[in-house]
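Shown next: upload.tsv, given as TSV, C-alpha atoms.
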chain	number	residue	atom	x	y	z
A	1	MET	CA	165.09	86.20	80.28
A	2	ILE	CA	162.03	85.50	78.13
A	3	LYS	CA	160.91	82.80	80.56
A	4	ARG	CA	161.13	85.26	83.46
A	5	VAL	CA	159.04	87.83	81.60
A	6	VAL	CA	156.41	85.24	80.71
A	7	LEU	CA	156.33	83.99	84.31
A	8	SER	CA	155.97	87.55	85.64
A	9	ILE	CA	153.06	88.24	83.29
A	10	PHE	CA	151.40	84.98	84.31
A	11	LEU	CA	151.76	85.71	88.02
A	12	PHE	CA	150.43	89.25	87.55
A	13	ALA	CA	147.41	87.99	85.60
A	14	PHE	CA	146.81	85.27	88.17
A	15	SER	CA	146.89	87.78	91.03
A	16	LEU	CA	144.30	89.94	89.25
A	17	ASN	CA	141.99	87.03	88.54
A	18	SER	CA	142.31	85.53	92.01
A	19	LYS	CA	141.93	88.71	94.05
A	20	CYS	CA	138.21	88.10	94.46
A	21	GLN	CA	137.18	84.46	94.66
A	22	ILE	CA	134.30	84.50	97.11
A	23	TYR	CA	130.81	84.68	95.64
A	24	ASN	CA	131.66	83.40	92.14
A	25	GLN	CA	132.25	79.84	93.37
A	26	LYS	CA	129.87	76.93	93.91
A	27	ILE	CA	129.45	77.54	97.60
A	28	VAL	CA	126.83	78.13	100.28
A	29	TYR	CA	127.13	80.69	103.06
A	30	CYS	CA	124.94	79.91	106.08
A	31	PHE	CA	123.81	82.84	108.23
A	32	ASN	CA	121.92	83.34	111.43
A	33	TYR	CA	119.57	86.29	111.14
A	34	SER	CA	117.72	88.44	113.62
A	35	ILE	CA	115.08	91.07	112.90
A	36	VAL	CA	114.22	93.67	115.54
A	37	ASN	CA	111.10	95.74	114.89
A	38	ASN	CA	108.80	97.60	117.29
A	39	GLY	CA	110.37	95.89	120.29
A	40	GLN	CA	109.86	92.42	118.83
A	41	CYS	CA	112.71	90.13	117.75
A	42	SER	CA	112.59	87.16	115.38
A	43	ASN	CA	115.43	84.81	114.53
A	44	GLY	CA	116.18	82.13	111.97
A	45	LYS	CA	118.56	80.62	109.43
A	46	LEU	CA	119.28	82.10	106.02
A	47	LEU	CA	121.29	80.67	103.13
A	48	LEU	CA	123.25	82.48	100.46
A	49	ALA	CA	123.82	79.99	97.64
A	50	CYS	CA	126.37	80.84	94.94
A	51	PHE	CA	126.27	78.82	91.73
A	52	GLY	CA	129.58	79.71	90.09
A	53	LYS	CA	127.96	81.04	86.92
A	54	LEU	CA	126.81	84.34	85.50
A	55	TRP	CA	123.35	85.68	86.17
A	56	PRO	CA	121.54	86.08	82.82
A	57	ILE	CA	121.15	89.86	82.65
A	58	LYS	CA	122.53	92.11	79.92
A	59	GLU	CA	123.03	95.32	81.88
A	60	GLN	CA	126.08	94.25	83.89
A	61	LYS	CA	128.20	91.20	84.61
A	62	GLN	CA	126.93	89.62	87.80
A	63	TYR	CA	127.25	86.14	89.27
A	64	SER	CA	124.11	84.17	90.04
A	65	ILE	CA	123.12	83.83	93.71
A	66	LEU	CA	120.10	82.82	95.75
A	67	TRP	CA	119.05	83.99	99.20
A	68	THR	CA	116.59	81.59	100.84
A	69	THR	CA	115.26	80.35	104.17
A	70	ASN	CA	114.12	77.12	102.48
A	71	GLU	CA	117.14	74.87	101.94
A	72	LYS	CA	115.30	72.71	99.39
A	73	GLU	CA	115.36	75.62	96.92
A	74	LEU	CA	119.09	74.93	96.52
A	75	LEU	CA	118.28	71.69	94.70
A	76	GLU	CA	116.97	73.66	91.71
A	77	LYS	CA	120.26	75.57	91.38
A	78	ILE	CA	118.44	78.66	90.11
A	79	GLY	CA	119.60	82.12	91.13
A	80	SER	CA	117.18	84.91	91.96
A	81	THR	CA	119.60	87.83	91.91
A	82	GLY	CA	123.27	88.64	91.42
A	83	VAL	CA	126.53	89.84	92.90
A	84	ILE	CA	129.21	91.97	91.23
A	85	GLU	CA	132.63	90.52	91.99
A	86	GLU	CA	135.49	92.30	90.27
A	87	ASN	CA	139.12	93.07	91.03
A	88	ASN	CA	138.23	96.53	92.30
A	89	ARG	CA	134.98	95.86	94.18
A	90	ILE	CA	132.34	93.47	95.49
A	91	TRP	CA	128.71	94.61	95.47
A	92	LEU	CA	126.17	92.18	96.91
A	93	HIS	CA	122.39	92.15	96.57
A	94	PRO	CA	120.99	91.48	100.06
A	95	PRO	CA	117.94	89.24	100.57
A	96	ARG	CA	114.84	91.18	99.48
A	97	GLN	CA	111.96	88.73	99.74
A	98	GLY	CA	109.38	88.29	102.49
A	99	GLU	CA	110.50	89.87	105.76
A	100	PHE	CA	113.70	91.07	104.06
A	101	LYS	CA	111.98	93.14	101.37
A	102	ILE	CA	112.62	96.33	103.31
A	103	LEU	CA	116.36	95.99	102.57
A	104	GLU	CA	115.78	97.37	99.06
A	105	TYR	CA	115.94	100.88	100.52
A	106	SER	CA	119.06	100.41	102.65
A	107	PRO	CA	122.67	100.55	101.38
A	108	PHE	CA	123.69	97.25	99.79
A	109	PRO	CA	126.84	95.50	101.06
A	110	GLU	CA	129.87	96.74	99.13
A	111	ILE	CA	133.63	96.97	99.45
A	112	VAL	CA	136.12	98.55	97.03
A	113	PHE	CA	139.79	97.72	96.54
A	114	PRO	CA	142.48	98.57	97.35
A	115	ILE	CA	141.45	99.36	100.90
A	116	ASN	CA	142.95	102.47	102.46
A	117	GLY	CA	142.43	104.51	105.60
A	118	ASN	CA	140.76	107.52	103.97
A	119	GLN	CA	138.45	105.62	101.67
A	120	GLN	CA	135.01	107.01	100.85
A	121	TRP	CA	132.78	106.39	97.86
A	122	PHE	CA	129.24	107.03	96.65
A	123	ARG	CA	126.54	104.86	95.07
A	124	GLU	CA	123.15	105.51	93.50
A	125	LEU	CA	120.28	103.05	93.20
A	126	SER	CA	117.38	103.64	90.83
A	127	LEU	CA	114.07	102.26	92.08
A	128	SER	CA	111.53	100.83	89.67
A	129	LYS	CA	107.75	100.54	89.63
A	130	TYR	CA	108.05	97.22	91.47
A	131	TRP	CA	109.83	98.86	94.43
A	132	GLU	CA	107.47	101.80	94.90
A	133	ASN	CA	106.42	102.18	98.52
A	134	LYS	CA	103.66	104.68	99.31
A	135	GLU	CA	104.00	104.15	103.06
A	136	TYR	CA	107.50	105.66	102.97
A	137	ASN	CA	106.90	108.06	100.06
A	138	LEU	CA	109.18	106.13	97.71
A	139	LYS	CA	108.42	106.35	93.98
A	140	GLY	CA	109.62	104.20	91.12
A	141	THR	CA	111.41	107.21	89.63
A	142	ASP	CA	113.39	107.91	92.80
A	143	ILE	CA	117.17	107.54	92.85
A	144	LEU	CA	118.52	106.60	96.27
A	145	LYS	CA	121.94	108.02	97.14
A	146	PHE	CA	124.39	106.47	99.61
A	147	VAL	CA	127.84	107.31	100.94
A	148	TYR	CA	130.24	104.54	102.03
A	149	GLU	CA	133.38	104.67	104.11
A	150	TYR	CA	136.09	102.36	105.38
A	151	ARG	CA	136.29	102.47	109.18
A	152	GLY	CA	139.38	100.40	109.85
A	153	SER	CA	140.15	96.77	110.64
A	154	LYS	CA	138.77	94.48	113.31
A	155	LYS	CA	139.33	90.90	114.46
A	156	ILE	CA	136.36	88.64	115.09
A	157	ARG	CA	136.05	84.96	115.99
A	158	LEU	CA	134.22	82.57	113.68
A	159	ILE	CA	132.82	79.43	115.29
A	160	PHE	CA	133.25	77.18	112.27
A	161	ASN	CA	136.72	78.54	111.54
A	162	ASN	CA	137.81	77.93	115.16
A	163	GLY	CA	139.82	81.12	115.21
A	164	ASP	CA	140.00	84.84	114.62
A	165	VAL	CA	139.88	86.48	111.20
A	166	ASP	CA	140.93	89.98	110.17
A	167	CYS	CA	138.03	92.02	108.84
A	168	SER	CA	137.56	95.39	107.18
A	169	GLU	CA	134.71	97.45	108.62
A	170	ILE	CA	132.50	99.20	106.08
A	171	TYR	CA	129.79	101.71	106.96
A	172	ALA	CA	127.24	103.32	104.64
A	173	THR	CA	124.30	105.64	105.10
A	174	SER	CA	121.56	107.14	102.93
A	175	MET	CA	121.86	110.74	101.81
A	176	ASN	CA	118.40	111.64	100.53
A	177	LEU	CA	115.79	109.59	102.39
A	178	GLU	CA	113.35	111.12	104.85
A	179	SER	CA	114.01	108.20	107.19
A	180	ARG	CA	117.74	107.44	107.31
A	181	THR	CA	118.95	103.96	106.43
A	182	SER	CA	122.40	102.49	107.03
A	183	PHE	CA	124.62	99.45	106.55
A	184	SER	CA	127.51	98.24	108.66
A	185	GLY	CA	129.52	95.25	107.48
A	186	LEU	CA	132.58	93.21	108.39
A	187	TYR	CA	134.40	91.80	105.39
A	188	CYS	CA	137.21	89.23	105.35
A	189	LYS	CA	139.12	88.19	102.25
A	190	LYS	CA	138.35	84.47	102.64
A	191	TYR	CA	134.63	84.45	103.46
A	192	GLY	CA	133.38	87.83	102.27
A	193	PHE	CA	130.86	89.64	104.47
A	194	VAL	CA	130.77	87.71	107.73
A	195	LYS	CA	128.48	90.18	109.49
A	196	MET	CA	125.94	92.63	108.06
A	197	GLU	CA	123.72	95.05	109.96
A	198	PHE	CA	121.00	97.11	108.30
A	199	GLU	CA	118.94	99.94	109.76
A	200	ASN	CA	115.87	100.38	107.59
A	201	VAL	CA	113.23	102.93	106.62
A	202	ASP	CA	110.66	101.22	108.86
A	203	LYS	CA	113.02	101.67	111.87
A	204	SER	CA	113.73	97.95	111.96
A	205	LYS	CA	117.19	96.44	112.30
A	206	ILE	CA	118.27	93.28	110.46
A	207	ILE	CA	121.47	91.46	111.41
A	208	LEU	CA	123.09	88.63	109.43
A	209	GLU	CA	125.97	86.68	110.99
A	210	LEU	CA	127.91	83.98	109.17
A	211	GLU	CA	127.82	80.63	110.98
A	212	ASN	CA	129.02	78.11	108.42
A	213	VAL	CA	130.36	77.70	104.89
A	214	LEU	CA	129.84	74.62	102.72
A	215	SER	CA	130.56	73.67	99.14
A	216	LEU	CA	127.38	73.58	97.06
A	217	ASP	CA	127.78	69.83	96.49
A	218	VAL	CA	128.08	69.14	100.22
A	219	ALA	CA	125.04	71.32	100.98
A	220	ILE	CA	122.92	69.53	98.37
A	221	LYS	CA	124.05	66.15	99.70
A	222	LYS	CA	123.02	67.16	103.22
A	223	ILE	CA	119.63	68.35	101.99
A	224	ASN	CA	118.98	65.09	100.16
A	225	GLU	CA	119.98	63.06	103.21
A	226	ALA	CA	118.32	64.83	106.11
A	227	GLY	CA	117.98	68.58	105.59
A	228	LEU	CA	120.82	71.06	105.81
A	229	PHE	CA	119.77	72.91	108.95
A	230	GLN	CA	119.50	69.67	110.93
A	231	ASP	CA	123.23	69.20	110.43
A	232	PHE	CA	124.19	72.85	110.43
A	233	TYR	CA	127.46	72.85	112.37
A	234	LYS	CA	128.86	69.39	111.65
A	235	GLN	CA	130.74	69.92	108.39
A	236	TYR	CA	132.07	72.99	106.70
A	237	TYR	CA	133.95	73.81	103.55

Output the structure of this file as structure tokens.
Amino acid sequence: MIKRVVLSIFLFAFSLNSKCQIYNQKIVYCFNYSIVNNGQCSNGKLLLACFGKLWPIKEQKQYSILWTTNEKELLEKIGSTGVIEENNRIWLHPPRQGEFKILEYSPFPEIVFPINGNQQWFRELSLSKYWENKEYNLKGTDILKFVYEYRGSKKIRLIFNNGDVDCSEIYATSMNLESRTSFSGLYCKKYGFVKMEFENVDKSKIILELENVLSLDVAIKKINEAGLFQDFYKQYY
């Protein structure tokens, strides 16, 4: 009897700890991106590197990640931002450097658990002096407000996975911006957000689509040998 109780407690604890095991591993998610702005479209490759360790901030527990278009930055194993990955939610900082800086004012990718058909939740984001933007009348003291909702399930095909995966569709929109922003994401329990679409304050649209997944060690090995993007589709985690 005691053994059964102990086993039940262990299995329950294990299920809690293993519910989210996506961005807190040593792993690299490889995305194709496209940016559409003023009738012009640009495309490229973007990496999300996860280092399996905490990001050194005191305010909140986040795991260290790095978004980069330069694969050699992975060799330093230094995160530039973080992701919240808990049993009840995942909240991901999008890329916000260079051409992706505009994403600061759009809803960040997020999903909450357990998922249900009538799910809706709200988030607030406080800007800082660094993120002031006079062009769009955004001040450092502003608090951006967003509403999220679950819009059902959807199957999509992943090239590297050679099959379909079940995804949850999440949609979010701004509530107090003069120029509306939005986020639409497809999330699967094995790979996280496999597609992300952002509509931004400058009327641009940014789309990220997952094309490959590698362990961090494999990615670094590829970079040292020939460059990761030269061998993009040949091996996956």

My list of candidates is A:Gly163, A:Pro109, A:Gly44, A:Pro114. Which is closest to A:Glu197 when distances are computed with all atoms listed in the file? A:Pro109

Determine, using all atoms listed in the file, which residues of stretch 5-106 of chain A have any atom at most 12 Å from an atom of stretch 211-220 of chain A, and tabulate each with its shortest atom pair and distance in Å to one decimal place, rows ordered by chain and then rising number, as a Markdown table.
| residue | atom | partner | partner_atom | distance |
| --- | --- | --- | --- | --- |
| A:Ile22 | CA | A:Val213 | CA | 11.1 |
| A:Tyr23 | CA | A:Ser215 | CA | 11.6 |
| A:Asn24 | CA | A:Leu216 | CA | 11.8 |
| A:Gln25 | CA | A:Ser215 | CA | 8.6 |
| A:Lys26 | CA | A:Leu216 | CA | 5.2 |
| A:Ile27 | CA | A:Ser215 | CA | 4.3 |
| A:Val28 | CA | A:Leu214 | CA | 5.2 |
| A:Tyr29 | CA | A:Val213 | CA | 4.8 |
| A:Cys30 | CA | A:Asn212 | CA | 5.0 |
| A:Phe31 | CA | A:Glu211 | CA | 5.3 |
| A:Asn32 | CA | A:Glu211 | CA | 6.5 |
| A:Tyr33 | CA | A:Glu211 | CA | 10.0 |
| A:Gly44 | CA | A:Glu211 | CA | 11.8 |
| A:Lys45 | CA | A:Glu211 | CA | 9.4 |
| A:Leu46 | CA | A:Glu211 | CA | 10.0 |
| A:Leu47 | CA | A:Val213 | CA | 9.7 |
| A:Leu48 | CA | A:Val213 | CA | 9.6 |
| A:Ala49 | CA | A:Leu216 | CA | 7.4 |
| A:Cys50 | CA | A:Leu216 | CA | 7.6 |
| A:Phe51 | CA | A:Leu216 | CA | 7.6 |
| A:Gly52 | CA | A:Leu216 | CA | 9.5 |
| A:Ile65 | CA | A:Leu216 | CA | 11.6 |
| A:Leu66 | CA | A:Leu216 | CA | 11.8 |
| A:Glu71 | CA | A:Ile220 | CA | 8.6 |
| A:Lys72 | CA | A:Ile220 | CA | 8.3 |
| A:Glu73 | CA | A:Ile220 | CA | 9.8 |
| A:Leu74 | CA | A:Ile220 | CA | 6.9 |
| A:Leu75 | CA | A:Ile220 | CA | 6.3 |
| A:Glu76 | CA | A:Ile220 | CA | 9.8 |
| A:Lys77 | CA | A:Leu216 | CA | 9.3 |

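If only C-alpha atoms are the atoms counted, then among A:Ser179, A:Asn38, A:Ser174, A:Ser128 the closest residue to A:Phe108 is A:Ser174.
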
Coordinates-based distance that separates atom CA of A:Ile102 from atom CA of A:Phe183 (Å, one decimal):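 Taking atom CA of A:Phe183 and atom CA of A:Ile102, their separation equals 12.8 Å.
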
Using all atoms listed in the file, pick whichever of A:Glu209, A:Glu178, A:Asp166, A:Asp202 has the shortest atom-to-atom distance to A:Lys190.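 Of A:Glu209, A:Glu178, A:Asp166, A:Asp202, the one nearest A:Lys190, counting all atoms listed in the file, is A:Asp166.
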
Work out how far apart atom CA of A:Arg151 and atom CA of A:Val36 are and give it in Å to one decimal.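 Going from atom CA of A:Arg151 over to atom CA of A:Val36, I get 24.6 Å.
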
Counting all atoms listed in the file, the residue of A:Thr81, A:Asn87, A:Asn224, A:Ser168 that sits nearest A:Phe193: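 Using all atoms listed in the file, the shortest distance to A:Phe193 belongs to A:Ser168.
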
Residue nearest A:Val83 among A:Lys53, A:Arg157, A:Lys58, A:Lys101 (counting only C-alpha atoms):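 With only C-alpha atoms as the atom set, the closest residue is A:Lys53.
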
As an exercise, work out the distance from atom CA of A:Leu125 to atom CA of A:Gly152 in Å and give it to one decimal place.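 That distance, rounded to one decimal, is 25.5 Å.
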
Between A:Met196, A:Val201, A:Ile159, A:Ser80, single out the one closest to A:Glu135, counting only C-alpha atoms. A:Val201

Atoms are missing here; could stretch 127-138 of chain A be completed with N, CA and C atoms and written as a PDB file, keeping the file's coordinate frame?
ATOM      1  N   LEU A 127     115.218 103.132  91.797  1.00  0.00           N
ATOM      2  CA  LEU A 127     114.070 102.260  92.080  1.00  0.00           C
ATOM      3  C   LEU A 127     113.291 102.034  90.783  1.00  0.00           C
ATOM      4  N   SER A 128     112.400 101.098  90.813  1.00  0.00           N
ATOM      5  CA  SER A 128     111.530 100.830  89.670  1.00  0.00           C
ATOM      6  C   SER A 128     110.087 100.783  90.185  1.00  0.00           C
ATOM      7  N   LYS A 129     109.162 100.612  89.257  1.00  0.00           N
ATOM      8  CA  LYS A 129     107.750 100.540  89.630  1.00  0.00           C
ATOM      9  C   LYS A 129     107.498  99.459  90.677  1.00  0.00           C
ATOM     10  N   TYR A 130     108.234  98.346  90.546  1.00  0.00           N
ATOM     11  CA  TYR A 130     108.050  97.220  91.470  1.00  0.00           C
ATOM     12  C   TYR A 130     108.377  97.609  92.908  1.00  0.00           C
ATOM     13  N   TRP A 131     109.363  98.525  93.087  1.00  0.00           N
ATOM     14  CA  TRP A 131     109.830  98.860  94.430  1.00  0.00           C
ATOM     15  C   TRP A 131     109.215 100.146  94.967  1.00  0.00           C
ATOM     16  N   GLU A 132     108.170 100.651  94.334  1.00  0.00           N
ATOM     17  CA  GLU A 132     107.470 101.800  94.900  1.00  0.00           C
ATOM     18  C   GLU A 132     106.892 101.443  96.271  1.00  0.00           C
ATOM     19  N   ASN A 133     106.921 102.421  97.173  1.00  0.00           N
ATOM     20  CA  ASN A 133     106.420 102.180  98.520  1.00  0.00           C
ATOM     21  C   ASN A 133     105.736 103.452  99.018  1.00  0.00           C
ATOM     22  N   LYS A 134     104.414 103.483  98.937  1.00  0.00           N
ATOM     23  CA  LYS A 134     103.660 104.680  99.310  1.00  0.00           C
ATOM     24  C   LYS A 134     103.778 104.988 100.788  1.00  0.00           C
ATOM     25  N   GLU A 135     103.915 103.938 101.611  1.00  0.00           N
ATOM     26  CA  GLU A 135     104.000 104.150 103.060  1.00  0.00           C
ATOM     27  C   GLU A 135     105.195 105.036 103.425  1.00  0.00           C
ATOM     28  N   TYR A 136     106.280 104.892 102.674  1.00  0.00           N
ATOM     29  CA  TYR A 136     107.500 105.660 102.970  1.00  0.00           C
ATOM     30  C   TYR A 136     107.803 106.686 101.881  1.00  0.00           C
ATOM     31  N   ASN A 137     106.798 107.020 101.088  1.00  0.00           N
ATOM     32  CA  ASN A 137     106.900 108.060 100.060  1.00  0.00           C
ATOM     33  C   ASN A 137     108.035 107.790  99.078  1.00  0.00           C
ATOM     34  N   LEU A 138     108.144 106.535  98.656  1.00  0.00           N
ATOM     35  CA  LEU A 138     109.180 106.130  97.710  1.00  0.00           C
ATOM     36  C   LEU A 138     108.538 105.811  96.363  1.00  0.00           C
TER      37      LEU A 138
END
